[in-house]
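Down below is the structure, laid out as structure tokens.
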Amino acid sequence: MRNSLHDTDPTSTPGAEVGGPSAVLARLEEFYDAVPRFSAAAEEHGPFTLFVRTGPGWHYYGRPTLGGDGPFTVADVDRVRARQRELGAPESFEWVHETSPGLRAAVEASGLEVHEHPLLVLELDGPSTAAPAAEDGPEIRVLTTDDPLLPSAVAVPHLAFAEPGTEVGEAGPEQLAEATRTAIADGQVTRMIGRMEAGRTVIAAMAGPDGLAIASGCHQPVGEVSEVVAVATLPSQRRQGLARRVTAHLVEHARATGIRTVFLSASDGAVARIYENVGFRRIATALIAEPATEAATS
């Protein structure tokens, strides 16, 4: 999740989403506010809500308060950042530009670097977009908590995101085996099982010839909305359409279980095109702000 597309108008096709883009974005804001509350406490800081994790796992971020419209000041951003430092959490913010257009200037004036990502939506009231099964390709399945493929399915995204992009990469079965052992040892798999048992995450994967996952992805349902996340292909297995097939499988699972709106944030334009091939359409721009890396500031 780093670069956005600027060659399309997200409101150029009236009626493409149920209720229009504004209604869809409002549903997404409710989703964004609800998901962290399953495993984080919400602190109100002026126009922001800061989500503070209450157990192990990843840290959360600051977001514009649901239903608020600012204004956002540098002092507001600085107060949240100070609280994040006090908690030992990353100084990060996430929001949708079209919903909170005035926030970016305050965040950048505070010294944070903003990354843009295409935000894509697929309404499931239309016809199925399921990709045809590849006769000679690996089977995709939704995993259960006791599926032997689960540990490696959890590990695949760590290798994929370490080698971003869509080109064939270096990490292969040997690196995946090691990453799988790490995912088991540090509790990642246990946390995933907890999310699956609570109904907060559905994970799908396909197995390679060695019995380890070569591609995986998740969707996270809340009511009739679900976010597709962590779709990843083992870098050495890229350029075979595996991410597209996993995504299509997740979409069809969401459709079959009553989800009406599926959305995701793509890392860049090239990745966004993979999802557009499954039926997603760009509706807005998701923004993530964090301190600039040393490489970017040197």
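Each chain in the structure tokens gets a letter, A, B, ..., in the order shown, and its residues are numbered from 1; ligands are numbered from 1 in order too.
Residues lying within 12 Å of A:Asp146, counting only C-alpha atoms and ignoring same-chain neighbours fewer than 5 positions away, are Pro151, Val189, Thr190, Met192, Ile193, Gly194, Met196 and Glu197 of chain A.
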Picked from stretch 52-133 of chain A by DSSP as alpha helix (DSSP H), as a list in words:
Val74, Ala75, Asp76, Val77, Asp78, Arg79, Val80, Arg81, Ala82, Arg83, Gln84, Arg85, Glu86, Leu87, Leu103, Arg104, Ala105, Ala106, Val107, Glu108 and Ala109 of chain A
Could you take the residues named above and write them with N, CA and C atoms, as a CSV table (one decimal), in the first residue's frame?
chain,number,residue,atom,x,y,z
A,74,VAL,N,-2.7,21.0,13.3
A,74,VAL,CA,-1.4,20.4,13.6
A,74,VAL,C,-1.4,20.0,15.1
A,75,ALA,N,-1.9,20.9,16.0
A,75,ALA,CA,-1.9,20.6,17.4
A,75,ALA,C,-2.7,19.3,17.7
A,76,ASP,N,-3.8,19.1,17.0
A,76,ASP,CA,-4.6,17.9,17.3
A,76,ASP,C,-3.7,16.7,16.9
A,77,VAL,N,-3.1,16.7,15.8
A,77,VAL,CA,-2.2,15.6,15.3
A,77,VAL,C,-1.1,15.4,16.3
A,78,ASP,N,-0.5,16.4,16.7
A,78,ASP,CA,0.7,16.3,17.6
A,78,ASP,C,0.3,15.7,19.0
A,79,ARG,N,-0.9,16.0,19.4
A,79,ARG,CA,-1.4,15.4,20.7
A,79,ARG,C,-1.6,13.9,20.6
A,80,VAL,N,-2.1,13.5,19.5
A,80,VAL,CA,-2.3,12.0,19.3
A,80,VAL,C,-0.9,11.3,19.1
A,81,ARG,N,0.0,12.0,18.4
A,81,ARG,CA,1.3,11.4,18.3
A,81,ARG,C,2.0,11.3,19.6
A,82,ALA,N,1.8,12.3,20.5
A,82,ALA,CA,2.4,12.2,21.8
A,82,ALA,C,1.8,11.1,22.6
A,83,ARG,N,0.5,10.8,22.5
A,83,ARG,CA,-0.1,9.7,23.2
A,83,ARG,C,0.4,8.4,22.7
A,84,GLN,N,0.6,8.3,21.4
A,84,GLN,CA,1.1,7.1,20.8
A,84,GLN,C,2.5,6.8,21.3
A,85,ARG,N,3.4,7.8,21.4
A,85,ARG,CA,4.7,7.6,21.9
A,85,ARG,C,4.7,7.1,23.3
A,86,GLU,N,3.7,7.7,24.1
A,86,GLU,CA,3.6,7.3,25.5
A,86,GLU,C,3.2,5.8,25.6
A,87,LEU,N,2.4,5.4,24.7
A,87,LEU,CA,2.0,4.0,24.7
A,87,LEU,C,3.0,3.0,24.1
A,103,LEU,N,-7.7,16.7,6.3
A,103,LEU,CA,-6.8,16.1,7.3
A,103,LEU,C,-5.3,16.1,6.8
A,104,ARG,N,-5.1,15.9,5.5
A,104,ARG,CA,-3.8,15.6,5.0
A,104,ARG,C,-2.9,16.8,5.3
A,105,ALA,N,-3.3,18.0,5.1
A,105,ALA,CA,-2.5,19.2,5.3
A,105,ALA,C,-2.0,19.2,6.8
A,106,ALA,N,-2.8,18.9,7.7
A,106,ALA,CA,-2.4,19.0,9.1
A,106,ALA,C,-1.4,17.9,9.4
A,107,VAL,N,-1.7,16.7,8.9
A,107,VAL,CA,-0.8,15.6,9.1
A,107,VAL,C,0.6,15.8,8.6
A,108,GLU,N,0.7,16.4,7.4
A,108,GLU,CA,2.0,16.6,6.7
A,108,GLU,C,2.7,17.8,7.5
A,109,ALA,N,1.9,18.8,7.9
A,109,ALA,CA,2.5,19.9,8.7
A,109,ALA,C,3.1,19.4,10.0
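The environment of A:Ala153 within 8 Å, counting only C-alpha atoms and disregarding residues fewer than 6 places along the same chain, consists of Ala204, Ala205, Leu212, Ala213, Ile214, Ala215, Ser216 and Gly217 of chain A.
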I'd like the neighbourhood of A:Arg191 as a PyMOL selection string, where a residue qualifies if any of its atoms comes within 12 Å (using only C-alpha atoms), though same-chain residues fewer than 5 positions away should be ignored.
chain A and resi 39+55-58+145+150-151+154+183-186+196-198+200-201
For the strand (DSSP E) assignment from backbone DSSP, which residues of stretch 38-167 of chain A qualify? Please present them as a PyMOL selection string.
chain A and resi 40-45+48-53+62-64+93-96+112-123+140-142
Filtering to N, CA and C atoms, could you give me those residues as a compact mmCIF listing (two decimals), in the first residue's frame?
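The resulting out.txt:
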# COMPACT_ATOMS: atom_id res chain seq x y z
N ALA A 40 -9.36 -3.51 20.62
CA ALA A 40 -8.68 -2.28 21.04
C ALA A 40 -9.65 -1.39 21.80
N ALA A 41 -9.08 -0.57 22.67
CA ALA A 41 -9.86 0.45 23.36
C ALA A 41 -9.83 1.72 22.53
N ALA A 42 -10.93 2.47 22.54
CA ALA A 42 -11.02 3.70 21.76
C ALA A 42 -10.87 4.91 22.68
N GLU A 43 -9.88 5.75 22.38
CA GLU A 43 -9.67 6.99 23.11
C GLU A 43 -10.02 8.16 22.20
N GLU A 44 -10.78 9.11 22.73
CA GLU A 44 -11.16 10.28 21.94
C GLU A 44 -10.19 11.42 22.22
N HIS A 45 -9.61 11.95 21.16
CA HIS A 45 -8.66 13.07 21.27
C HIS A 45 -9.07 14.13 20.26
N PHE A 48 -10.12 13.20 16.67
CA PHE A 48 -9.58 11.87 16.37
C PHE A 48 -10.05 10.82 17.37
N THR A 49 -10.13 9.59 16.88
CA THR A 49 -10.26 8.42 17.74
C THR A 49 -8.96 7.64 17.62
N LEU A 50 -8.31 7.39 18.75
CA LEU A 50 -7.09 6.60 18.78
C LEU A 50 -7.45 5.21 19.30
N PHE A 51 -7.15 4.20 18.51
CA PHE A 51 -7.42 2.82 18.92
C PHE A 51 -6.16 2.24 19.56
N VAL A 52 -6.31 1.74 20.78
CA VAL A 52 -5.19 1.25 21.57
C VAL A 52 -5.39 -0.25 21.81
N ARG A 53 -4.47 -1.06 21.33
CA ARG A 53 -4.66 -2.50 21.44
C ARG A 53 -4.75 -2.92 22.91
N GLY A 62 -4.57 6.19 14.67
CA GLY A 62 -5.56 7.23 14.86
C GLY A 62 -6.38 7.40 13.60
N ARG A 63 -7.68 7.70 13.76
CA ARG A 63 -8.58 7.95 12.63
C ARG A 63 -9.47 9.14 12.95
N PRO A 64 -10.00 9.81 11.94
CA PRO A 64 -11.02 10.82 12.22
C PRO A 64 -12.19 10.18 12.95
N PHE A 93 -1.59 7.20 11.34
CA PHE A 93 -2.97 7.61 11.11
C PHE A 93 -3.46 6.95 9.82
N GLU A 94 -4.73 6.62 9.77
CA GLU A 94 -5.34 6.09 8.55
C GLU A 94 -6.67 6.79 8.32
N TRP A 95 -6.96 7.13 7.06
CA TRP A 95 -8.23 7.76 6.73
C TRP A 95 -8.45 7.71 5.23
N VAL A 96 -9.65 8.08 4.81
CA VAL A 96 -10.00 8.15 3.40
C VAL A 96 -10.03 9.62 2.99
N LEU A 112 4.63 14.11 9.35
CA LEU A 112 4.45 12.73 8.94
C LEU A 112 4.43 12.61 7.42
N GLU A 113 4.81 11.44 6.94
CA GLU A 113 4.81 11.15 5.51
C GLU A 113 3.51 10.43 5.16
N VAL A 114 2.85 10.85 4.10
CA VAL A 114 1.56 10.29 3.71
C VAL A 114 1.73 9.40 2.49
N HIS A 115 1.18 8.19 2.57
CA HIS A 115 1.22 7.23 1.47
C HIS A 115 -0.20 7.04 0.94
N GLU A 116 -0.33 7.00 -0.38
CA GLU A 116 -1.63 6.90 -1.03
C GLU A 116 -1.85 5.49 -1.58
N HIS A 117 -3.10 5.01 -1.47
CA HIS A 117 -3.44 3.68 -1.95
C HIS A 117 -4.82 3.68 -2.58
N PRO A 118 -4.96 3.09 -3.75
CA PRO A 118 -6.29 3.01 -4.36
C PRO A 118 -7.26 2.25 -3.46
N LEU A 119 -8.44 2.83 -3.25
CA LEU A 119 -9.49 2.19 -2.47
C LEU A 119 -10.54 1.69 -3.47
N LEU A 120 -10.75 0.38 -3.49
CA LEU A 120 -11.62 -0.23 -4.48
C LEU A 120 -12.80 -0.93 -3.80
N VAL A 121 -13.94 -0.91 -4.47
CA VAL A 121 -15.17 -1.47 -3.92
C VAL A 121 -15.82 -2.38 -4.96
N LEU A 122 -16.45 -3.43 -4.45
CA LEU A 122 -17.25 -4.32 -5.30
C LEU A 122 -18.57 -4.58 -4.59
N GLU A 123 -19.68 -4.17 -5.23
CA GLU A 123 -21.00 -4.48 -4.71
C GLU A 123 -21.41 -5.87 -5.20
N ILE A 140 -8.14 -24.06 -4.48
CA ILE A 140 -8.27 -23.02 -3.45
C ILE A 140 -9.34 -23.48 -2.47
N ARG A 141 -9.10 -23.29 -1.18
CA ARG A 141 -10.13 -23.66 -0.21
C ARG A 141 -10.13 -22.65 0.94
N VAL A 142 -11.31 -22.46 1.51
CA VAL A 142 -11.44 -21.71 2.75
C VAL A 142 -10.99 -22.62 3.88
